[in-house]
Each structure stands twice: as C-alpha cells, then as structure tokens.
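So this one's work_23.txt, compact mmCIF, C-alpha atoms:
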# COMPACT_ATOMS: atom_id res chain seq x y z
CA MET A 1170 0.00 0.00 0.00
CA THR A 1171 2.87 2.35 0.75
CA ARG A 1172 4.08 1.95 -2.86
CA LEU A 1173 0.86 3.53 -4.10
CA VAL A 1174 1.29 6.74 -2.09
CA PRO A 1175 3.64 8.49 -4.58
CA SER A 1176 1.35 7.54 -7.46
CA LEU A 1177 -1.67 8.85 -5.61
CA ARG A 1178 0.16 12.06 -4.91
CA TRP A 1179 0.96 12.50 -8.60
CA PHE A 1180 -2.67 11.73 -9.48
CA VAL A 1181 -3.98 14.34 -7.01
CA ALA A 1182 -1.49 16.89 -8.30
CA LEU A 1183 -2.59 16.20 -11.89
CA VAL A 1184 -6.26 16.62 -11.03
CA ALA A 1185 -5.52 19.90 -9.26
CA PHE A 1186 -3.54 21.15 -12.27
CA LEU A 1187 -6.29 20.24 -14.71
CA GLY A 1188 -8.77 22.04 -12.49
CA LEU A 1189 -6.72 25.20 -12.92
CA VAL A 1190 -6.24 25.09 -16.68
CA ILE A 1191 -9.57 23.61 -17.83
CA PRO A 1192 -12.59 25.90 -17.30
CA SER A 1193 -15.64 24.52 -15.61
CA ALA A 1194 -18.98 24.35 -17.37
CA ALA A 1195 -20.04 27.51 -15.53
CA ASP A 1196 -16.96 29.39 -16.80
CA ALA A 1197 -16.96 28.02 -20.33
CA GLN A 1198 -17.93 30.43 -23.10
CA SER A 1199 -18.54 29.90 -26.77
CA PRO A 1200 -15.46 31.03 -28.71
CA THR A 1201 -15.85 34.10 -30.91
CA THR A 1202 -13.71 34.58 -34.01
CA PHE A 1203 -13.21 38.17 -35.12
CA SER A 1204 -12.56 39.02 -38.72
CA GLN A 1205 -9.44 41.01 -39.51
CA THR A 1206 -10.08 44.74 -39.78
CA THR A 1207 -7.69 47.44 -40.96
CA ILE A 1208 -8.22 50.86 -39.35
CA PRO A 1209 -7.13 53.74 -41.60
CA VAL A 1210 -5.51 56.20 -39.22
CA SER A 1211 -2.56 58.36 -40.23
CA GLY A 1212 0.38 57.45 -38.01
CA ALA A 1213 -1.76 55.46 -35.55
CA PHE A 1214 0.18 54.29 -32.51
CA THR A 1215 -2.30 53.98 -29.68
CA VAL A 1216 -5.58 52.14 -29.17
CA ALA A 1217 -8.25 52.28 -26.48
CA MET A 1218 -11.16 50.04 -25.53
CA LYS A 1219 -13.34 50.10 -22.44
CA ALA A 1220 -14.14 46.92 -20.51
CA PRO A 1221 -16.45 45.10 -20.28
CA VAL A 1222 -16.82 44.68 -24.03
CA THR A 1223 -20.43 44.89 -25.25
CA THR A 1224 -22.13 45.35 -28.61
CA THR A 1225 -21.76 49.13 -28.20
CA THR A 1226 -18.15 49.15 -27.02
CA PRO A 1227 -16.01 51.39 -29.24
CA LEU A 1228 -12.52 50.43 -30.34
CA VAL A 1229 -10.48 53.58 -30.92
CA ALA A 1230 -7.20 53.91 -32.82
CA GLY A 1231 -5.45 57.25 -32.59
CA GLY A 1232 -2.45 59.14 -33.91
CA PRO A 1233 -1.36 62.64 -34.92
CA GLY A 1234 -3.66 62.44 -37.94
CA GLY A 1235 -6.80 61.91 -35.85
CA VAL A 1236 -8.76 58.96 -34.50
CA SER A 1237 -10.91 56.25 -36.03
CA VAL A 1238 -13.70 54.50 -34.15
CA LEU A 1239 -15.11 51.01 -34.70
CA THR A 1240 -18.06 49.60 -32.79
CA ASN A 1241 -18.38 45.90 -32.05
CA ASN A 1242 -21.45 44.54 -33.84
CA GLY A 1243 -21.71 41.47 -31.58
CA ALA A 1244 -21.22 39.04 -34.46
CA GLY A 1245 -17.45 38.76 -34.64
CA SER A 1246 -16.72 41.93 -36.59
CA PHE A 1247 -17.13 45.70 -36.43
CA LEU A 1248 -19.43 48.29 -37.89
CA PRO A 1249 -17.85 50.54 -40.54
CA SER A 1250 -15.19 52.79 -39.05
CA LEU A 1251 -15.84 56.46 -38.33
CA SER A 1252 -12.92 58.87 -38.85
CA PHE A 1253 -12.35 62.14 -37.01
CA PRO A 1254 -9.26 63.85 -38.46
CA GLY A 1255 -9.38 66.78 -36.03
CA ALA A 1256 -9.34 64.60 -32.90
CA SER A 1257 -5.60 64.08 -32.80
CA ALA A 1258 -3.83 61.83 -30.32
CA PRO A 1259 -0.26 63.14 -30.65
CA SER A 1260 1.31 61.22 -27.76
CA LEU A 1261 1.09 58.00 -25.74
CA PRO A 1262 -1.39 57.46 -24.23
CA ALA A 1263 -3.70 60.22 -25.47
CA VAL A 1264 -7.07 58.49 -25.98
CA ALA A 1265 -9.51 57.49 -23.22
CA ILE A 1266 -13.14 56.37 -23.05
CA GLY A 1267 -15.85 57.23 -20.48
CA ASP A 1268 -19.21 58.95 -20.06
CA VAL A 1269 -18.20 62.50 -19.13
CA ASN A 1270 -21.69 64.04 -19.45
CA GLY A 1271 -23.77 61.28 -17.87
CA ASP A 1272 -26.07 60.47 -20.80
CA THR A 1273 -25.23 56.70 -20.64
CA TYR A 1274 -23.23 56.80 -23.91
CA ASP A 1275 -19.46 56.38 -23.83
CA ASP A 1276 -17.48 59.42 -24.95
CA ILE A 1277 -13.99 59.42 -26.45
CA VAL A 1278 -11.53 61.93 -25.03
CA THR A 1279 -8.27 63.02 -26.70
CA LEU A 1280 -5.98 65.96 -25.97
CA THR A 1281 -7.83 68.15 -28.47
CA THR A 1282 -11.36 66.80 -28.77
CA ILE A 1283 -14.22 64.98 -27.10
CA LEU A 1284 -16.36 62.71 -29.27
CA PHE A 1285 -19.71 62.49 -27.48
CA GLY A 1286 -21.36 59.12 -27.97
CA GLN A 1287 -24.88 59.00 -29.37
CA ALA A 1288 -27.49 56.33 -30.03
CA GLY A 1289 -26.65 54.06 -32.95
CA GLY A 1290 -22.88 54.30 -32.54
CA THR A 1291 -22.49 57.86 -33.85
CA TYR A 1292 -20.58 60.75 -32.28
CA ILE A 1293 -20.74 64.53 -31.96
CA GLN A 1294 -17.28 66.07 -32.13
CA GLN A 1295 -16.41 69.05 -29.96
CA SER A 1296 -13.06 70.75 -29.52
CA VAL A 1297 -12.10 70.84 -25.85
CA GLY A 1298 -8.51 71.91 -25.43
CA ALA A 1299 -6.34 70.05 -22.94
CA PRO A 1300 -4.52 71.93 -20.19
CA SER A 1301 -1.25 73.57 -21.24
CA GLY A 1302 1.55 71.05 -21.51
CA ALA A 1303 -0.70 67.99 -21.30
CA GLY A 1304 0.85 64.82 -22.71
CA SER A 1305 -1.63 62.10 -21.71
CA VAL A 1306 -5.25 61.71 -20.68
CA ASP A 1307 -7.30 59.14 -18.80
CA VAL A 1308 -10.97 58.95 -17.80
CA GLY A 1309 -12.54 57.60 -14.60
CA ASN A 1310 -14.82 58.55 -11.74
CA VAL A 1311 -12.70 60.36 -9.14
CA ASN A 1312 -15.39 62.05 -7.03
CA GLY A 1313 -18.02 59.30 -7.07
CA ASP A 1314 -20.82 61.09 -8.90
CA ALA A 1315 -22.58 60.03 -12.13
CA TYR A 1316 -20.00 61.53 -14.48
CA ALA A 1317 -16.58 60.33 -15.60
CA ASP A 1318 -13.73 62.72 -14.88
CA MET A 1319 -10.57 63.41 -16.88
CA VAL A 1320 -6.99 63.52 -15.63
CA PHE A 1321 -4.07 64.90 -17.64
CA SER A 1322 -0.34 64.70 -17.05
CA ALA A 1323 1.25 68.12 -17.60
CA TRP A 1324 4.90 67.70 -18.54
CA GLY A 1325 5.98 71.34 -18.29
CA SER A 1326 4.33 72.23 -14.98
CA ASN A 1327 5.13 69.00 -13.07
CA SER A 1328 1.48 68.51 -12.25
CA ALA A 1329 -1.56 66.34 -12.81
CA ILE A 1330 -4.71 68.21 -13.80
CA LEU A 1331 -8.18 66.89 -12.96
CA ARG A 1332 -11.26 68.07 -14.86
CA LEU A 1333 -14.59 66.92 -13.50
CA GLY A 1334 -17.31 65.58 -15.74
CA LYS A 1335 -20.76 67.14 -15.55
CA PRO A 1336 -24.08 67.13 -17.45
CA GLY A 1337 -24.30 69.08 -20.67
CA THR A 1338 -25.27 69.07 -24.32
CA PRO A 1339 -22.73 67.66 -26.77
CA GLY A 1340 -21.36 70.44 -28.94
CA SER A 1341 -21.61 73.06 -26.21
CA TRP A 1342 -20.43 71.04 -23.22
CA SER A 1343 -17.87 72.42 -20.80
CA PRO A 1344 -16.02 70.57 -18.02
CA GLY A 1345 -16.71 71.04 -14.33
CA ALA A 1346 -14.18 72.14 -11.75
CA THR A 1347 -10.50 71.94 -12.67
CA VAL A 1348 -7.92 71.03 -10.02
CA SER A 1349 -4.14 70.92 -10.42
CA VAL A 1350 -2.00 68.90 -8.00
CA PRO A 1351 1.82 68.71 -7.87
CA VAL A 1352 3.60 65.52 -8.85
CA GLY A 1353 7.20 64.55 -9.63
CA ALA A 1354 9.42 66.00 -12.33
CA ASN A 1355 8.18 65.80 -15.92
CA PRO A 1356 5.20 63.42 -15.64
CA PHE A 1357 4.83 61.17 -18.67
CA SER A 1358 1.38 59.75 -17.99
CA ALA A 1359 -1.50 59.67 -15.52
CA ARG A 1360 -4.03 56.91 -14.86
CA ILE A 1361 -7.24 56.53 -12.84
CA GLY A 1362 -8.05 53.31 -10.97
CA LYS A 1363 -9.47 52.14 -7.63
CA LEU A 1364 -6.56 51.40 -5.34
CA ASN A 1365 -8.08 51.28 -1.84
CA GLY A 1366 -11.49 49.69 -2.43
CA ASP A 1367 -13.73 52.72 -1.85
CA ALA A 1368 -16.14 54.36 -4.31
CA TYR A 1369 -13.64 56.88 -5.68
CA GLY A 1370 -11.11 56.60 -8.47
CA ASP A 1371 -7.51 57.28 -7.49
CA VAL A 1372 -4.83 58.87 -9.67
CA VAL A 1373 -1.38 57.41 -10.35
CA VAL A 1374 1.25 59.42 -12.23
CA ALA A 1375 4.51 58.22 -13.80
CA ASN A 1376 7.21 60.88 -13.38
CA GLY A 1377 9.90 60.54 -16.02
CA SER A 1378 12.78 62.72 -14.91
CA ASN A 1379 13.07 61.56 -11.30
CA ASN A 1380 11.86 58.00 -11.98
CA SER A 1381 9.06 58.03 -9.43
CA ILE A 1382 5.35 57.28 -9.11
CA THR A 1383 2.96 59.73 -7.42
CA VAL A 1384 -0.38 58.50 -6.05
CA TYR A 1385 -3.39 60.60 -5.01
CA LEU A 1386 -6.55 59.17 -3.48
CA GLY A 1387 -9.85 60.38 -4.92
CA GLY A 1388 -12.72 61.71 -2.83
CA PRO A 1389 -16.15 63.40 -3.01
CA GLY A 1390 -15.23 66.98 -2.08
CA PHE A 1391 -12.77 69.67 -3.14
CA PRO A 1392 -9.86 69.30 -3.85
CA TYR A 1393 -10.93 65.73 -4.77
CA LEU A 1394 -7.33 64.44 -4.83
CA THR A 1395 -5.65 64.08 -1.42
CA ASN A 1396 -3.24 61.89 0.60
CA ARG A 1397 -0.32 62.15 -1.78
CA ALA A 1398 2.23 59.33 -1.67
CA ASP A 1399 5.41 58.92 -3.72
CA TYR A 1400 7.19 55.69 -4.63
CA GLN A 1401 10.59 55.05 -6.18
CA PRO A 1402 10.74 51.98 -8.47
CA ALA A 1403 14.06 50.33 -9.19
CA ALA A 1404 13.99 51.17 -12.91
CA PRO A 1405 13.11 54.27 -14.97
CA VAL A 1406 9.39 55.01 -15.22
CA ALA A 1407 7.81 56.21 -18.44
CA ARG A 1408 4.10 55.50 -18.10
CA ILE A 1409 1.57 53.69 -15.97
CA ARG A 1410 -0.67 50.81 -16.93
CA MET A 1411 -3.57 50.02 -14.60
CA SER A 1412 -4.87 46.43 -14.57
CA SER A 1413 -8.07 45.84 -12.62
CA ARG A 1414 -8.97 42.41 -11.29
CA SER A 1415 -12.13 43.36 -9.42
CA PRO A 1416 -14.55 46.32 -9.26
CA THR A 1417 -12.93 47.60 -6.05
CA SER A 1418 -9.19 47.05 -6.45
CA THR A 1419 -6.55 47.74 -9.07
CA THR A 1420 -3.07 46.41 -9.62
CA ILE A 1421 -0.45 48.94 -10.73
CA TRP A 1422 1.83 47.93 -13.56
CA THR A 1423 4.68 50.13 -14.78
CA LEU A 1424 6.04 50.05 -18.31
CA MET A 1425 9.69 51.04 -18.42
CA CYS A 1426 11.41 52.95 -21.20
CA SER A 1427 13.71 55.91 -21.64
CA PRO A 1428 12.75 58.80 -19.31
CA SER A 1429 14.29 61.41 -21.61
CA ALA A 1430 12.01 63.97 -23.23
CA ALA A 1431 13.15 62.87 -26.68
CA GLY A 1432 12.13 59.30 -25.95
CA ARG A 1433 8.53 59.93 -24.95
CA ALA A 1434 7.05 59.16 -28.37
CA ARG A 1435 9.16 56.01 -28.68
CA CYS A 1436 7.78 54.28 -25.60
CA PRO A 1437 5.94 51.14 -26.80
CA SER A 1438 2.16 51.22 -26.79
CA SER A 1439 0.09 48.63 -24.93

Please lay out the structure from this file as structure tokens.
Amino acid sequence: MTRLVPSLRWFVALVAFLGLVIPSAADAQSPTTFSQTTIPVSGAFTVAMKAPVTTTTPLVAGGPGGVSVLTNNGAGSFLPSLSFPGASAPSLPAVAIGDVNGDTYDDIVTLTTILFGQAGGTYIQQSVGAPSGAGSVDVGNVNGDAYADMVFSAWGSNSAILRLGKPGTPGSWSPGATVSVPVGANPFSARIGKLNGDAYGDVVVANGSNNSITVYLGGPGFPYLTNRADYQPAAPVARIRMSSRSPTSTTIWTLMCSPSAAGRARCPSS
C-alpha cells in the first residue's frame, strides 16, 4: 500500500492542475472569431477600448492624424469605421473612453477633442482643449458622482490636472471644476483606478525625470485628490498601466522605457 502513495500524490497533483487550466462548465464560453479589420488612421500608434466589451463598445485607434472608431457589432466583426481627423492623439497614451456628461453613452476623449457618444454608434465632435503642456489623458470617476472625470499629465508644470465631468449638451459642453496637483518632475502619464477599495477613483502618475510614481486618493469633495504618496521603483518610469482584477481594487503595472524627453514618443504602446 505504501508503494501507491507516490502515485496517488501525482494523481492528485494532476487533477488539481487540470482544475486550474480547464474551465468549468459555468466558466466556459462559446469562442468568438473576429474578422481582420484594418483601421485607416494616419500614423496610428495607440488604441483604447473600455471593458467590459459589449455590442456598443467602441474600439479607438489614434495618432497625430486623428482617431478612427469602430463599434463591435456582436457578431465577430465591427461596424464601418468612423474617422475624425481633427481629434488628434499626438502622444502616448492620449485616448480614453468614459461617459463625461452622464447620458449613458461612452465618450472618447483626446488631448484636443471629445467625441460624445450617441445612439446608434455615432458621435458629436467638440473641440475641448487640454490643459497647457498635457501629454496624456485618462478617464474615470474620481469624485463618485454620475460623471466620468478626466486627468491629464502636464509635462511642463510637473502637475496632474483633474477636470470633473458634468451634465451638458454635446457640442456646447464644458467641463466642471479643474484642479491641479503637484507631482514629480516631468510626468509622462496619468491613470485613474481604484486602489483602496472605496467608491472613488484614485490617480497614479509616472514621473519621467526623477523615476518616481505619485499616487493621489480620490474623494467626493474639493480638492478631490488628497493623501499624496510617492514611490521610487528600481527602474526608470515612463508611463503607468492600470490592470483591474475586481470592481474595487486595481493592480499597478509600470512600463519602463527611456525617461528622456526625446524618448517619450518612442515608448511602446500597450
């Protein structure tokens, strides 16, 4: 009987392994095959998509020549692309998606333009200039209301700039309160994600010149961003990637590349 113990142990280990790699019936989903689609964007080097993916989720490709938008049709392909040449995305990452005016349709935010989502997968384009020196943008709910907010990294002023979302009519919309908070030297990028499990989005900034990360916790009242904390990774920091595993917590990932000003546009996109 003692000879069988090692074999039993291997058998138990194999069953446990298979349980990890083979989805259960409850987790299994029918595979979906997407057709190949080419997005005509001049100099495109960044893409954005909001999770969870639904039949109205836009896929956005952006570059200095503008952005193009494709909407998932729910059948393994996309609706015809919509091009917006004036909505340029001249840096990485400079496209974000969220409902900034609370009408239940996702809007697309770049450094120069907001494309306000409408019924049927169409958009109303409005020029909304980014703060001076802005090099990236992200969208999320910082103050816990019904509107997505925007955060920009401002390279020249060593700051992160928060603009609150608010209700308004596409075409004549204007942002809510604007708050600027200090960060490290020459911030490359800013991201919004829930770090401490409350109802408010928090802001994380990658500072290029002093290779640090600055974190602010979001909250419901002015100045909305408080409790600053700074961290010093072991390698140069160029931008932040936020990876959420649950509705209330977010894992911070950093993507490393050259922190020099000349290298900003060469950081790989992901």

>> I'd like to know which of A:Val1216, A:Met1319, A:Ile1330, A:Val1384 is closest to Val1238 of chain A, using only C-alpha atoms.
In response: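 Among A:Val1216, A:Met1319, A:Ile1330, A:Val1384, it is A:Val1216 that comes nearest to Val1238 of chain A.
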
> So what do you get for atom CA of Val1264 of chain A versus atom CA of Thr1240 of chain A, distance-wise?
Replying inline: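 According to the coordinates, atom CA of Val1264 of chain A and atom CA of Thr1240 of chain A are separated by 15.7 Å.
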
>> As an exercise, work out the distance from atom CA of Ser1305 of chain A to atom CA of Gly1340 of chain A in Å and give it to one decimal place.
In response: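 Separation between atom CA of Ser1305 of chain A and atom CA of Gly1340 of chain A: 22.6 Å.
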
>> With distances taken over only C-alpha atoms, which residue among A:Thr1226, A:Ser1358, A:Ser1341, A:Thr1279 lies nearest Ser1381 of chain A?
In response: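 For Ser1381 of chain A, the nearest of the given residues is A:Ser1358.
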
>> Quick one: residues within 7 Å of Gly1309 of chain A, only C-alpha atoms, excluding same-chain residues fewer than 4 positions away - as a ChimeraX atom specification?
In response: /A:1267,1317-1319,1361,1370

>> Measuring between only C-alpha atoms, which one of A:Ser1328, A:Ser1246, A:Asn1396, A:Thr1273 shows the shortest distance to Ala1315 of chain A?
In response: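 Once distances to Ala1315 of chain A are computed over only C-alpha atoms, the minimum belongs to A:Thr1273.
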
>> I'd like the interatomic distance between atom CA of Ala1230 of chain A and atom CA of Phe1285 of chain A, to a tenth of an Å.
In response: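 So the two atoms, atom CA of Ala1230 of chain A and atom CA of Phe1285 of chain A, lie 16.1 Å apart.
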